[in-house]
Each structure stands twice: as structure tokens, then as C-alpha cells.
file input-v9.cif (mmCIF, C-alpha atoms and all ligand atoms)
data_model
#
loop_
_atom_site.group_PDB
_atom_site.id
_atom_site.type_symbol
_atom_site.label_atom_id
_atom_site.label_comp_id
_atom_site.auth_asym_id
_atom_site.auth_seq_id
_atom_site.Cartn_x
_atom_site.Cartn_y
_atom_site.Cartn_z
ATOM 1 C CA MET A 1 0.000 0.000 0.000
ATOM 2 C CA LYS A 2 2.959 2.292 0.598
ATOM 3 C CA LYS A 3 3.872 1.803 -3.082
ATOM 4 C CA HIS A 4 0.403 2.928 -4.111
ATOM 5 C CA TYR A 5 0.754 5.990 -1.880
ATOM 6 C CA GLU A 6 4.111 6.772 -3.473
ATOM 7 C CA SER A 7 2.723 6.383 -6.995
ATOM 8 C CA LEU A 8 0.302 9.259 -6.283
ATOM 9 C CA LEU A 9 2.816 11.785 -4.920
ATOM 10 C CA LEU A 10 2.478 15.455 -5.841
ATOM 11 C CA ASP A 11 5.635 17.337 -6.816
ATOM 12 C CA SER A 12 6.925 20.855 -7.432
ATOM 13 C CA ASP A 13 6.884 20.622 -11.251
ATOM 14 C CA GLY A 14 5.889 23.803 -13.019
ATOM 15 C CA LEU A 15 6.067 25.932 -9.870
ATOM 16 C CA ARG A 16 5.925 29.611 -10.804
ATOM 17 C CA GLN A 17 6.146 32.819 -8.880
ATOM 18 C CA GLY A 18 2.857 33.518 -7.116
ATOM 19 C CA ASP A 19 1.759 29.867 -7.154
ATOM 20 C CA VAL A 20 0.690 28.403 -3.850
ATOM 21 C CA ARG A 21 2.978 25.740 -2.468
ATOM 22 C CA LEU A 22 2.580 23.351 0.426
ATOM 23 C CA SER A 23 4.960 21.502 2.718
ATOM 24 C CA TRP A 24 3.636 18.606 4.775
ATOM 25 C CA LEU A 25 5.120 18.146 8.245
ATOM 26 C CA GLY A 26 3.282 14.885 8.927
ATOM 27 C CA THR A 27 -0.089 14.555 10.791
ATOM 28 C CA ALA A 28 -2.343 17.483 9.832
ATOM 29 C CA GLY A 29 0.696 19.789 9.825
ATOM 30 C CA THR A 30 0.823 21.870 6.676
ATOM 31 C CA PHE A 31 2.654 25.009 5.658
ATOM 32 C CA ILE A 32 0.885 26.877 2.869
ATOM 33 C CA SER A 33 2.631 29.810 1.207
ATOM 34 C CA ASP A 34 2.459 31.949 -1.924
ATOM 35 C CA GLY A 35 6.017 33.171 -1.432
ATOM 36 C CA GLU A 36 4.769 36.408 0.181
ATOM 37 C CA THR A 37 2.654 35.076 3.019
ATOM 38 C CA GLY A 38 2.857 31.767 4.863
ATOM 39 C CA ILE A 39 0.268 30.017 7.032
ATOM 40 C CA LEU A 40 1.299 27.175 9.282
ATOM 41 C CA ILE A 41 -1.476 24.807 10.373
ATOM 42 C CA ASP A 42 -1.252 22.198 13.154
ATOM 43 C CA PRO A 43 2.554 21.915 13.152
ATOM 44 C CA TYR A 44 3.542 18.885 15.247
ATOM 45 C CA VAL A 45 7.088 17.627 14.901
ATOM 46 C CA SER A 46 7.943 16.446 18.432
ATOM 47 C CA ARG A 47 6.092 13.161 17.763
ATOM 48 C CA PHE A 48 6.088 11.759 21.283
ATOM 49 C CA ARG A 49 6.439 7.986 21.604
ATOM 50 C CA ILE A 50 3.313 5.908 21.959
ATOM 51 C CA SER A 51 4.502 4.677 25.363
ATOM 52 C CA ALA A 52 4.796 8.259 26.647
ATOM 53 C CA VAL A 53 1.269 9.030 25.441
ATOM 54 C CA ALA A 54 -0.248 5.773 26.715
ATOM 55 C CA PHE A 55 1.437 5.898 30.130
ATOM 56 C CA ARG A 56 0.513 9.569 30.616
ATOM 57 C CA PHE A 57 4.069 10.805 30.850
ATOM 58 C CA PRO A 58 4.494 14.576 30.698
ATOM 59 C CA LEU A 59 5.118 15.502 27.044
ATOM 60 C CA LYS A 60 7.922 17.960 26.437
ATOM 61 C CA PRO A 61 7.917 19.686 23.025
ATOM 62 C CA ASP A 62 11.298 19.431 21.296
ATOM 63 C CA ARG A 63 12.416 23.060 20.962
ATOM 64 C CA THR A 64 15.495 22.150 18.918
ATOM 65 C CA LEU A 65 13.462 20.221 16.380
ATOM 66 C CA ILE A 66 10.930 23.060 16.212
ATOM 67 C CA ARG A 67 13.719 25.599 15.660
ATOM 68 C CA ASN A 68 15.158 23.452 12.862
ATOM 69 C CA TRP A 69 11.761 23.340 11.197
ATOM 70 C CA VAL A 70 11.358 27.088 11.467
ATOM 71 C CA GLU A 71 14.707 27.498 9.692
ATOM 72 C CA LYS A 72 13.692 24.979 7.034
ATOM 73 C CA LEU A 73 10.369 26.674 6.294
ATOM 74 C CA GLY A 74 11.866 30.164 6.539
ATOM 75 C CA ARG A 75 11.895 32.069 9.811
ATOM 76 C CA GLY A 76 10.475 35.283 8.327
ATOM 77 C CA LYS A 77 7.964 33.509 6.121
ATOM 78 C CA ILE A 78 5.512 32.231 8.719
ATOM 79 C CA ASN A 79 2.817 34.842 9.303
ATOM 80 C CA ALA A 80 0.235 32.847 11.244
ATOM 81 C CA VAL A 81 0.134 29.635 13.269
ATOM 82 C CA ILE A 82 -3.365 28.162 13.183
ATOM 83 C CA VAL A 83 -4.555 25.196 15.248
ATOM 84 C CA SER A 84 -7.635 23.215 14.176
ATOM 85 C CA HIS A 85 -8.216 21.507 17.570
ATOM 86 C CA SER A 86 -6.293 21.185 20.786
ATOM 87 C CA HIS A 87 -5.265 17.523 20.950
ATOM 88 C CA PHE A 88 -1.518 17.167 21.495
ATOM 89 C CA ASP A 89 -0.829 16.030 17.928
ATOM 90 C CA HIS A 90 -2.201 19.349 16.634
ATOM 91 C CA VAL A 91 -1.410 21.913 19.319
ATOM 92 C CA ALA A 92 1.530 20.817 21.501
ATOM 93 C CA ASP A 93 4.264 22.371 19.333
ATOM 94 C CA ALA A 94 2.239 25.221 17.842
ATOM 95 C CA PRO A 95 2.935 27.870 20.542
ATOM 96 C CA TYR A 96 6.683 27.343 20.115
ATOM 97 C CA PHE A 97 6.422 27.837 16.363
ATOM 98 C CA ALA A 98 4.594 31.076 17.153
ATOM 99 C CA ILE A 99 7.267 32.128 19.658
ATOM 100 C CA GLU A 100 10.102 31.342 17.222
ATOM 101 C CA THR A 101 8.527 33.303 14.380
ATOM 102 C CA ASP A 102 6.718 36.047 16.310
ATOM 103 C CA ALA A 103 3.557 35.004 14.452
ATOM 104 C CA PRO A 104 0.169 34.978 16.187
ATOM 105 C CA LEU A 105 -1.247 31.719 17.570
ATOM 106 C CA ILE A 106 -4.822 31.311 16.388
ATOM 107 C CA GLY A 107 -7.508 28.849 17.479
ATOM 108 C CA THR A 108 -10.194 28.047 20.037
ATOM 109 C CA GLU A 109 -10.060 29.246 23.655
ATOM 110 C CA SER A 110 -8.544 25.850 24.519
ATOM 111 C CA THR A 111 -5.739 26.434 22.016
ATOM 112 C CA ILE A 112 -5.238 29.929 23.421
ATOM 113 C CA ASN A 113 -4.837 28.408 26.903
ATOM 114 C CA VAL A 114 -2.110 26.119 25.564
ATOM 115 C CA GLY A 115 -0.415 29.262 24.236
ATOM 116 C CA ARG A 116 -0.801 31.020 27.608
ATOM 117 C CA GLY A 117 0.885 28.091 29.342
ATOM 118 C CA THR A 118 4.032 28.667 27.271
ATOM 119 C CA GLY A 119 4.164 32.346 28.190
ATOM 120 C CA ILE A 120 3.367 33.815 24.765
ATOM 121 C CA ASP A 121 2.567 37.510 24.884
ATOM 122 C CA GLU A 122 -1.197 38.016 25.160
ATOM 123 C CA SER A 123 -1.153 40.286 22.089
ATOM 124 C CA LYS A 124 -0.029 37.283 20.006
ATOM 125 C CA LEU A 125 -2.955 35.084 21.052
ATOM 126 C CA LEU A 126 -5.954 35.349 18.744
ATOM 127 C CA PRO A 127 -9.033 33.340 19.747
ATOM 128 C CA VAL A 128 -11.492 32.628 16.937
ATOM 129 C CA LYS A 129 -15.113 31.581 16.796
ATOM 130 C CA PRO A 130 -16.856 29.394 14.191
ATOM 131 C CA GLY A 131 -17.820 31.381 11.120
ATOM 132 C CA GLN A 132 -15.110 34.004 11.613
ATOM 133 C CA THR A 133 -12.706 34.935 8.803
ATOM 134 C CA MET A 134 -9.176 36.329 8.935
ATOM 135 C CA GLN A 135 -6.984 37.858 6.266
ATOM 136 C CA PHE A 136 -3.262 37.133 5.848
ATOM 137 C CA GLY A 137 -1.763 38.759 2.758
ATOM 138 C CA ASN A 138 -3.673 37.315 -0.186
ATOM 139 C CA PHE A 139 -5.074 34.457 1.891
ATOM 140 C CA THR A 140 -8.509 34.610 3.532
ATOM 141 C CA VAL A 141 -9.108 31.921 6.138
ATOM 142 C CA LYS A 142 -12.642 31.031 7.214
ATOM 143 C CA PHE A 143 -13.035 28.968 10.392
ATOM 144 C CA ILE A 144 -15.829 26.442 9.867
ATOM 145 C CA GLU A 145 -17.172 24.476 12.814
ATOM 146 C CA SER A 146 -16.523 20.757 12.491
ATOM 147 C CA VAL A 147 -16.406 17.684 14.727
ATOM 148 C CA HIS A 148 -13.682 15.207 15.582
ATOM 149 C CA GLY A 149 -13.518 11.740 14.068
ATOM 150 C CA PRO A 150 -14.345 8.728 16.274
ATOM 151 C CA ALA A 151 -10.632 7.977 16.563
ATOM 152 C CA LEU A 152 -10.357 5.810 19.677
ATOM 153 C CA LEU A 153 -12.463 2.629 19.477
ATOM 154 C CA GLY A 154 -15.354 4.647 18.117
ATOM 155 C CA ARG A 155 -14.977 7.460 20.637
ATOM 156 C CA ILE A 156 -13.517 10.926 20.500
ATOM 157 C CA PRO A 157 -10.348 10.955 22.617
ATOM 158 C CA PHE A 158 -9.838 13.543 25.394
ATOM 159 C CA PRO A 159 -13.118 15.459 25.023
ATOM 160 C CA GLY A 160 -13.807 18.702 26.863
ATOM 161 C CA THR A 161 -12.024 22.033 26.948
ATOM 162 C CA ILE A 162 -8.803 23.453 28.365
ATOM 163 C CA ASP A 163 -10.018 26.118 30.752
ATOM 164 C CA GLU A 164 -6.789 27.415 32.228
ATOM 165 C CA PRO A 165 -3.229 27.904 30.992
ATOM 166 C CA LEU A 166 -1.701 24.505 30.220
ATOM 167 C CA ILE A 167 1.915 24.540 31.299
ATOM 168 C CA PRO A 168 4.109 21.972 29.533
ATOM 169 C CA PRO A 169 5.296 19.319 29.994
ATOM 170 C CA ALA A 170 1.789 17.896 30.373
ATOM 171 C CA ALA A 171 0.257 14.469 29.797
ATOM 172 C CA ALA A 172 -1.615 13.770 26.536
ATOM 173 C CA GLY A 173 -4.961 13.710 28.351
ATOM 174 C CA LYS A 174 -4.506 17.340 29.441
ATOM 175 C CA TYR A 175 -4.677 18.392 25.783
ATOM 176 C CA ARG A 176 -8.459 18.336 25.596
ATOM 177 C CA LEU A 177 -10.265 18.700 22.300
ATOM 178 C CA GLY A 178 -11.702 22.228 22.621
ATOM 179 C CA GLY A 179 -13.656 22.873 19.409
ATOM 180 C CA VAL A 180 -12.801 21.619 15.938
ATOM 181 C CA PHE A 181 -12.314 23.848 12.920
ATOM 182 C CA ALA A 182 -12.112 23.108 9.263
ATOM 183 C CA LEU A 183 -10.245 25.885 7.463
ATOM 184 C CA LEU A 184 -11.404 27.275 4.148
ATOM 185 C CA ILE A 185 -8.400 29.045 2.668
ATOM 186 C CA THR A 186 -9.156 31.301 -0.283
ATOM 187 C CA HIS A 187 -6.402 32.737 -2.486
ATOM 188 C CA PRO A 188 -6.453 34.290 -5.985
ATOM 189 C CA ALA A 189 -4.861 31.030 -7.217
ATOM 190 C CA GLY A 190 -7.696 28.879 -5.824
ATOM 191 C CA ILE A 191 -9.343 27.491 -2.713
ATOM 192 C CA ILE A 192 -7.894 24.963 -0.262
ATOM 193 C CA LEU A 193 -9.996 23.275 2.405
ATOM 194 C CA HIS A 194 -8.052 21.892 5.388
ATOM 195 C CA HIS A 195 -10.230 19.242 7.053
ATOM 196 C CA GLY A 196 -7.825 17.942 9.661
ATOM 197 C CA SER A 197 -9.993 15.606 11.742
ATOM 198 C CA ALA A 198 -12.153 12.885 10.246
ATOM 199 C CA GLY A 199 -15.561 13.906 11.559
ATOM 200 C CA PHE A 200 -18.129 16.151 9.903
ATOM 201 C CA LYS A 201 -21.374 18.010 10.478
ATOM 202 C CA PRO A 202 -23.932 17.213 7.772
ATOM 203 C CA GLY A 203 -24.383 20.289 5.595
ATOM 204 C CA MET A 204 -21.259 22.037 6.860
ATOM 205 C CA TYR A 205 -20.038 22.555 3.295
ATOM 206 C CA ASP A 206 -23.301 23.682 1.711
ATOM 207 C CA GLY A 207 -22.506 26.356 -0.864
ATOM 208 C CA ILE A 208 -18.749 25.744 -0.815
ATOM 209 C CA ALA A 209 -16.640 24.959 -3.873
ATOM 210 C CA ALA A 210 -13.054 24.091 -2.969
ATOM 211 C CA ASP A 211 -10.334 23.200 -5.445
ATOM 212 C CA VAL A 212 -8.155 21.182 -3.091
ATOM 213 C CA LEU A 213 -9.290 19.225 -0.035
ATOM 214 C CA LEU A 214 -6.631 18.308 2.533
ATOM 215 C CA LEU A 215 -8.477 15.449 4.155
ATOM 216 C CA GLY A 216 -7.548 13.949 7.514
ATOM 217 C CA ILE A 217 -8.357 10.257 7.136
ATOM 218 C CA SER A 218 -7.111 8.675 10.362
ATOM 219 C CA GLY A 219 -9.790 7.818 12.915
ATOM 220 C CA ARG A 220 -12.625 8.128 10.422
ATOM 221 C CA GLY A 221 -15.868 6.222 10.841
ATOM 222 C CA ASN A 222 -17.738 5.089 7.735
ATOM 223 C CA THR A 223 -15.596 5.922 4.688
ATOM 224 C CA ASP A 224 -18.537 6.222 2.253
ATOM 225 C CA GLN A 225 -20.349 8.698 4.480
ATOM 226 C CA TYR A 226 -17.156 10.630 5.058
ATOM 227 C CA LEU A 227 -16.468 10.937 1.335
ATOM 228 C CA GLU A 228 -20.057 11.940 0.587
ATOM 229 C CA ASN A 229 -20.289 14.571 3.312
ATOM 230 C CA VAL A 230 -16.838 16.086 2.970
ATOM 231 C CA ALA A 231 -15.206 15.314 -0.390
ATOM 232 C CA LEU A 232 -18.360 15.505 -2.508
ATOM 233 C CA GLN A 233 -20.042 18.281 -0.521
ATOM 234 C CA SER A 234 -17.003 20.546 -0.713
ATOM 235 C CA ARG A 235 -16.874 19.932 -4.498
ATOM 236 C CA ALA A 236 -13.113 19.421 -4.358
ATOM 237 C CA LYS A 237 -11.372 18.508 -7.597
ATOM 238 C CA LEU A 238 -8.254 17.266 -5.880
ATOM 239 C CA VAL A 239 -8.361 15.272 -2.634
ATOM 240 C CA VAL A 240 -5.113 14.960 -0.697
ATOM 241 C CA PRO A 241 -5.133 12.622 2.330
ATOM 242 C CA ILE A 242 -3.337 13.972 5.423
ATOM 243 C CA HIS A 243 -3.000 12.599 8.981
ATOM 244 C CA VAL A 244 -2.091 9.213 7.451
ATOM 245 C CA ASP A 245 1.354 8.792 9.011
ATOM 246 C CA ASN A 246 2.419 7.002 12.164
ATOM 247 C CA PHE A 247 3.042 10.081 14.301
ATOM 248 C CA PHE A 248 4.540 8.077 17.151
ATOM 249 C CA LYS A 249 7.701 7.676 15.062
ATOM 250 C CA PRO A 250 10.246 10.430 14.367
ATOM 251 C CA LEU A 251 9.922 12.353 11.087
ATOM 252 C CA GLU A 252 13.446 11.394 10.069
ATOM 253 C CA ASP A 253 12.426 7.719 10.009
ATOM 254 C CA GLY A 254 10.317 8.577 6.954
ATOM 255 C CA MET A 255 6.676 8.063 6.166
ATOM 256 C CA ALA A 256 4.941 4.992 7.604
ATOM 257 C CA PHE A 257 1.175 4.577 7.806
ATOM 258 C CA LEU A 258 -0.671 4.771 11.068
ATOM 259 C CA PRO A 259 -1.895 1.153 11.331
ATOM 260 C CA THR A 260 -5.549 2.222 11.631
ATOM 261 C CA VAL A 261 -5.553 4.461 8.576
ATOM 262 C CA LYS A 262 -6.652 1.813 6.020
ATOM 263 C CA PHE A 263 -5.347 3.739 3.032
ATOM 264 C CA GLY A 264 -6.261 0.931 0.607
ATOM 265 C CA GLU A 265 -9.873 0.884 1.744
ATOM 266 C CA PHE A 266 -10.017 4.668 1.451
ATOM 267 C CA CYS A 267 -8.720 4.585 -2.138
ATOM 268 C CA ARG A 268 -11.062 1.761 -3.138
ATOM 269 C CA LYS A 269 -14.094 3.634 -1.805
ATOM 270 C CA ALA A 270 -12.939 6.868 -3.441
ATOM 271 C CA GLU A 271 -12.467 5.215 -6.811
ATOM 272 C CA LYS A 272 -16.128 5.460 -7.751
ATOM 273 C CA TYR A 273 -15.757 9.241 -7.716
ATOM 274 C CA ARG A 274 -12.805 9.296 -10.093
ATOM 275 C CA ALA A 275 -14.720 11.428 -12.606
ATOM 276 C CA ILE A 276 -15.341 14.057 -9.892
ATOM 277 C CA PHE A 277 -12.062 14.284 -7.988
ATOM 278 C CA MET A 278 -8.640 12.777 -8.170
ATOM 279 C CA ILE A 279 -6.522 11.613 -5.278
ATOM 280 C CA ARG A 280 -2.923 12.653 -4.892
ATOM 281 C CA THR A 281 -0.588 12.262 -1.929
ATOM 282 C CA LEU A 282 2.001 14.403 -0.154
ATOM 283 C CA PRO A 283 5.687 13.685 0.178
ATOM 284 C CA PHE A 284 7.107 13.989 3.680
ATOM 285 C CA CYS A 285 8.866 17.276 4.460
ATOM 286 C CA LYS A 286 9.134 18.533 0.877
ATOM 287 C CA GLU A 287 7.592 21.542 -0.851
ATOM 288 C CA ILE A 288 5.118 20.824 -3.648
ATOM 289 C CA LYS A 289 2.932 22.979 -5.893
ATOM 290 C CA ILE A 290 -0.707 22.909 -4.818
ATOM 291 C CA LEU A 291 -2.377 25.807 -6.706
ATOM 292 C CA PRO A 292 -3.423 26.688 -9.321
ATOM 293 C CA LEU A 293 -4.667 23.272 -10.323
ATOM 294 C CA ASN A 294 -3.765 22.013 -13.740
ATOM 295 C CA PRO A 295 -6.707 22.310 -16.138
ATOM 296 C CA SER A 296 -9.431 19.670 -15.624
ATOM 297 C CA PRO A 297 -7.539 17.489 -13.185
ATOM 298 C CA ALA A 298 -10.417 15.032 -12.964
ATOM 299 C CA THR A 299 -9.887 14.075 -16.597
ATOM 300 C CA ASN A 300 -6.307 13.117 -15.739
ATOM 301 C CA ALA A 301 -7.446 11.001 -12.832
ATOM 302 C CA ASN A 302 -5.424 7.906 -12.431
ATOM 303 C CA MET A 303 -6.321 6.013 -9.341
ATOM 304 C CA ARG A 304 -4.188 2.974 -10.025
HETATM 305 ZN ZN ZN B 401 -7.578 14.898 17.563
#
call {"tool": "encode", "arguments": {"input": "input-v9.cif", "output": "C-alpha cells"}}
result
Amino acid sequence: MKKHYESLLLDSDGLRQGDVRLSWLGTAGTFISDGETGILIDPYVSRFRISAVAFRFPLKPDRTLIRNWVEKLGRGKINAVIVSHSHFDHVADAPYFAIETDAPLIGTESTINVGRGTGIDESKLLPVKPGQTMQFGNFTVKFIESVHGPALLGRIPFPGTIDEPLIPPAAAGKYRLGGVFALLITHPAGIILHHGSAGFKPGMYDGIAADVLLLGISGRGNTDQYLENVALQSRAKLVVPIHVDNFFKPLEDGMAFLPTVKFGEFCRKAEKYRAIFMIRTLPFCKEIKILPLNPSPATNANMR
């Protein structure tokens, strides 16, 4: 199945000035930039071991690794750090990316409390509510209310909110869900929808027409329903699975699937929609071109 994943990889071919490019940091972590403005979403590179998470050890974000990533992405090129929900694999490193880059940390009140716990200046903490939009350069980001996938034996892990500053190191269970956002990112080159957790609210994408859907597929329930309510409803032409990797292993070990991700089943179920959207995958830690889409990508669809 890894071979199939690799056969679908996007690349940086034909990248021109002003195009929108994307670097995948693993999990739902994506850096989206047009060369002028950069938006970092859910950056999580510390990748704590499964034993540390399971045995409720305090989790200490790896500041050196975070600093290295900031250098790699471009210290002055990160203008916003956005968090889609406040589980550790989305939020734990985000405040430190904000501190390193002097960019604002943006998310729910729970995310803001994770930021407070790291001592970020209050002026750099921007809480957002569902339905709100924010402008960063030529990017407009709309925060759409979503729900978490049933990731843990059919249940949402660590529900609830973080109601006071969360001072790290803290156990995984302290990183409570808060709310969940999907992010509709509009740019003159096209529209990207970041759907980082595999739940959905029926009708949440009524009236939306995205070009690219970054689709978190780990911890999803019924794949058919998920595809119908998110991929079809958002009218995406290109669907890019994210949150597929085993995030209990270090990034430098390379991409390995999270055992529960069932990538083959996802592709088989998606195949019936090949005339509507195509599926492409992201390389680990490498910049690719994401927008504008090539003309009529669906006609080039090649699922095999
Ligand atoms: Zn989560």
C-alpha cells in the first residue's frame, strides 16, 4: 500500500512565482505559502512515543526540532500559526512555532490556553469563533465548525475544553479537544480546504466549492459517508489525504502509515468518484505545488 501511496505523490513541477505551495510536516501539519505570506497549520514535529502518550508521561515539546523546522520553512515567512483543535498532535508544538517566528497563535479558547501556558505575549494570542474569517496577505481563512472523528475505538479521545493555561510538559490527556475547525483558505490562485480531523457536520459545506481538499483520514468512521459529506459536498477537484502517518515515530524515520488508517480501503471507496475528484498524496517534508490546479484534473485522474 505504501507503493500505491508513493505512486500518487504530488511534486513541485511547473512551480511559478505567485503559485501556492505546500509543505507537509506529517499529521495534519501543513505550511501553505504563496512566497509572500505563509500560514502554518497544526505543526507537530515532536512526535512523542506511543509509550509516553499511553502511560501519561508529561510531554515535552522538542524546541530544537521546532527551531530546525522554522529554519527549514523560513523564519520570516511564517505569518500565522493556526490550530484546528487542541489535541496534542495538533497543538503541543504550535505555541513554540509562534514564539520562534513572532507570528500569532490562532484557534479556540482551549488552544489559546495552551499558548498562555508557554508564556506567549497576550497580544499574540488570537481566539477565533466558528464562522469568523481572517486575512493574511492574499489568503482569507474562514473557520468552519466541524467535529472530531471517532478515533479511539469509536470514541472521541480527550473530550472537553482546556479552561486554564496549560503549562508543559503535560500528559496527553490534558490536551483536551476544545472545538474543531475546518479551514477554508481562499487565495487568488484557488481554494484549499483543510479538514484535519475525520468527523463532519452534515451540511457544513453547503454552498462551498473548494479546489483542493486536505483530508484527515485517520480515525474516520464510515468511509462512504465521510467521502459523501466532505469530499463531494465541498466539491473538491483534488483530494489529498493527510494525517495518514504514524506520528509516534520520528519524522526522520520517513513516512509509515498509522496502522488504523486503512489507506487501501479509502482509495477503493474513493475510486467510484474518479470522474469528480482525483486523489494525490504528499511527500514527507518537501515543498510541492498545490495551486493553481492544472486544467481539468479530474480528466487526468489515475487512481491505479
Ligand atoms: Zn484529535
call {"tool": "residues_near_ligand", "arguments": {"input": "input-v9.cif", "ligand": "ligand ZN 401 (chain B)", "cutoff": "8 Å", "atoms": "all atoms listed in the file", "output": "JSON, numbers by chain"}}
result
{"A": [85, 86, 87, 88, 89, 90, 148, 149, 151, 156, 157, 177, 197]}
call {"tool": "residues_around", "arguments": {"input": "input-v9.cif", "residues": "Phe139 in chain A", "least_positions_apart": "5", "cutoff": "12 Å", "atoms": "all atoms listed in the file", "output": "mmCIF file with C-alpha atoms, keeping the file's coordinate frame"}}
result
data_model
loop_
_atom_site.group_PDB
_atom_site.id
_atom_site.type_symbol
_atom_site.label_atom_id
_atom_site.label_comp_id
_atom_site.auth_asym_id
_atom_site.auth_seq_id
_atom_site.Cartn_x
_atom_site.Cartn_y
_atom_site.Cartn_z
ATOM 1 C CA VAL A 20 0.690 28.403 -3.850
ATOM 2 C CA ILE A 32 0.885 26.877 2.869
ATOM 3 C CA SER A 33 2.631 29.810 1.207
ATOM 4 C CA ASP A 34 2.459 31.949 -1.924
ATOM 5 C CA GLY A 35 6.017 33.171 -1.432
ATOM 6 C CA GLU A 36 4.769 36.408 0.181
ATOM 7 C CA THR A 37 2.654 35.076 3.019
ATOM 8 C CA GLY A 38 2.857 31.767 4.863
ATOM 9 C CA ILE A 39 0.268 30.017 7.032
ATOM 10 C CA ASN A 79 2.817 34.842 9.303
ATOM 11 C CA ALA A 80 0.235 32.847 11.244
ATOM 12 C CA THR A 133 -12.706 34.935 8.803
ATOM 13 C CA MET A 134 -9.176 36.329 8.935
ATOM 14 C CA LEU A 183 -10.245 25.885 7.463
ATOM 15 C CA LEU A 184 -11.404 27.275 4.148
ATOM 16 C CA ILE A 185 -8.400 29.045 2.668
ATOM 17 C CA THR A 186 -9.156 31.301 -0.283
ATOM 18 C CA HIS A 187 -6.402 32.737 -2.486
ATOM 19 C CA PRO A 188 -6.453 34.290 -5.985
ATOM 20 C CA ALA A 189 -4.861 31.030 -7.217
ATOM 21 C CA GLY A 190 -7.696 28.879 -5.824
ATOM 22 C CA ILE A 191 -9.343 27.491 -2.713
ATOM 23 C CA ILE A 192 -7.894 24.963 -0.262
#
call {"tool": "resolve_selection", "arguments": {"input": "input-v9.cif", "expression": "the PyMOL selection byres (((chain A and resi 70) around 12) and not hetatm)", "output": "ChimeraX atom specification"}}
result
/A:25,31,38,40,43-45,63-69,71-79,81,93-94,96-103
call {"tool": "write_last_selection", "arguments": {"input": "input-v9.cif", "atoms": "C-alpha atoms", "output": "PDB file, keeping the file's coordinate frame"}}
result
ATOM      1  CA  LEU A  25       5.120  18.146   8.245  1.00  0.00           C
ATOM      2  CA  PHE A  31       2.654  25.009   5.658  1.00  0.00           C
ATOM      3  CA  GLY A  38       2.857  31.767   4.863  1.00  0.00           C
ATOM      4  CA  LEU A  40       1.299  27.175   9.282  1.00  0.00           C
ATOM      5  CA  PRO A  43       2.554  21.915  13.152  1.00  0.00           C
ATOM      6  CA  TYR A  44       3.542  18.885  15.247  1.00  0.00           C
ATOM      7  CA  VAL A  45       7.088  17.627  14.901  1.00  0.00           C
ATOM      8  CA  ARG A  63      12.416  23.060  20.962  1.00  0.00           C
ATOM      9  CA  THR A  64      15.495  22.150  18.918  1.00  0.00           C
ATOM     10  CA  LEU A  65      13.462  20.221  16.380  1.00  0.00           C
ATOM     11  CA  ILE A  66      10.930  23.060  16.212  1.00  0.00           C
ATOM     12  CA  ARG A  67      13.719  25.599  15.660  1.00  0.00           C
ATOM     13  CA  ASN A  68      15.158  23.452  12.862  1.00  0.00           C
ATOM     14  CA  TRP A  69      11.761  23.340  11.197  1.00  0.00           C
ATOM     15  CA  GLU A  71      14.707  27.498   9.692  1.00  0.00           C
ATOM     16  CA  LYS A  72      13.692  24.979   7.034  1.00  0.00           C
ATOM     17  CA  LEU A  73      10.369  26.674   6.294  1.00  0.00           C
ATOM     18  CA  GLY A  74      11.866  30.164   6.539  1.00  0.00           C
ATOM     19  CA  ARG A  75      11.895  32.069   9.811  1.00  0.00           C
ATOM     20  CA  GLY A  76      10.475  35.283   8.327  1.00  0.00           C
ATOM     21  CA  LYS A  77       7.964  33.509   6.121  1.00  0.00           C
ATOM     22  CA  ILE A  78       5.512  32.231   8.719  1.00  0.00           C
ATOM     23  CA  ASN A  79       2.817  34.842   9.303  1.00  0.00           C
ATOM     24  CA  VAL A  81       0.134  29.635  13.269  1.00  0.00           C
ATOM     25  CA  ASP A  93       4.264  22.371  19.333  1.00  0.00           C
ATOM     26  CA  ALA A  94       2.239  25.221  17.842  1.00  0.00           C
ATOM     27  CA  TYR A  96       6.683  27.343  20.115  1.00  0.00           C
ATOM     28  CA  PHE A  97       6.422  27.837  16.363  1.00  0.00           C
ATOM     29  CA  ALA A  98       4.594  31.076  17.153  1.00  0.00           C
ATOM     30  CA  ILE A  99       7.267  32.128  19.658  1.00  0.00           C
ATOM     31  CA  GLU A 100      10.102  31.342  17.222  1.00  0.00           C
ATOM     32  CA  THR A 101       8.527  33.303  14.380  1.00  0.00           C
ATOM     33  CA  ASP A 102       6.718  36.047  16.310  1.00  0.00           C
ATOM     34  CA  ALA A 103       3.557  35.004  14.452  1.00  0.00           C
TER      35      ALA A 103
END
call {"tool": "resolve_selection", "arguments": {"input": "input-v9.cif", "expression": "the PyMOL selection byres (((chain A and resi 119) around 12) and not hetatm)", "output": "JSON, numbers by chain"}}
result
{"A": [95, 96, 98, 99, 105, 112, 113, 114, 115, 116, 117, 118, 120, 121, 122, 123, 124, 125, 165, 166, 167, 168]}
call {"tool": "atom_distance", "arguments": {"input": "input-v9.cif", "atom1": "CA of Pro127 in chain A", "atom2": "CA of Tyr175 in chain A"}}
result
16.7 Å
call {"tool": "resolve_selection", "arguments": {"input": "input-v9.cif", "expression": "the PyMOL selection byres (((chain A and resi 242) around 8) and not hetatm)", "output": "number ranges by chain"}}
result
A: 26-28, 196, 214-217, 240-241, 243-245, 282
call {"tool": "write_last_selection", "arguments": {"input": "input-v9.cif", "atoms": "C-alpha atoms", "output": "JSON list (two decimals), in the frame of the given file"}}
result
[["chain", "number", "residue", "atom", "x", "y", "z"],
["A", 26, "GLY", "CA", 3.28, 14.88, 8.93],
["A", 27, "THR", "CA", -0.09, 14.56, 10.79],
["A", 28, "ALA", "CA", -2.34, 17.48, 9.83],
["A", 196, "GLY", "CA", -7.82, 17.94, 9.66],
["A", 214, "LEU", "CA", -6.63, 18.31, 2.53],
["A", 215, "LEU", "CA", -8.48, 15.45, 4.16],
["A", 216, "GLY", "CA", -7.55, 13.95, 7.51],
["A", 217, "ILE", "CA", -8.36, 10.26, 7.14],
["A", 240, "VAL", "CA", -5.11, 14.96, -0.70],
["A", 241, "PRO", "CA", -5.13, 12.62, 2.33],
["A", 243, "HIS", "CA", -3.00, 12.60, 8.98],
["A", 244, "VAL", "CA", -2.09, 9.21, 7.45],
["A", 245, "ASP", "CA", 1.35, 8.79, 9.01],
["A", 282, "LEU", "CA", 2.00, 14.40, -0.15]]
call {"tool": "residues_around", "arguments": {"input": "input-v9.cif", "residues": "Val180 in chain A", "least_positions_apart": "5", "cutoff": "6 Å", "atoms": "only C-alpha atoms", "output": "PyMOL selection string"}}
result
chain A and resi 84-85+146-147
call {"tool": "closest_residue", "arguments": {"input": "input-v9.cif", "among": "A:Trp24, A:Tyr273, A:Tyr205, A:Phe263", "to": "Ala182 in chain A", "atoms": "all atoms listed in the file"}}
result
A:Tyr205
call {"tool": "residues_around", "arguments": {"input": "input-v9.cif", "residues": "Ile50 in chain A", "least_positions_apart": "6", "cutoff": "9 Å", "atoms": "only C-alpha atoms", "output": "VMD selection string"}}
result
chain A and resid 247 to 249
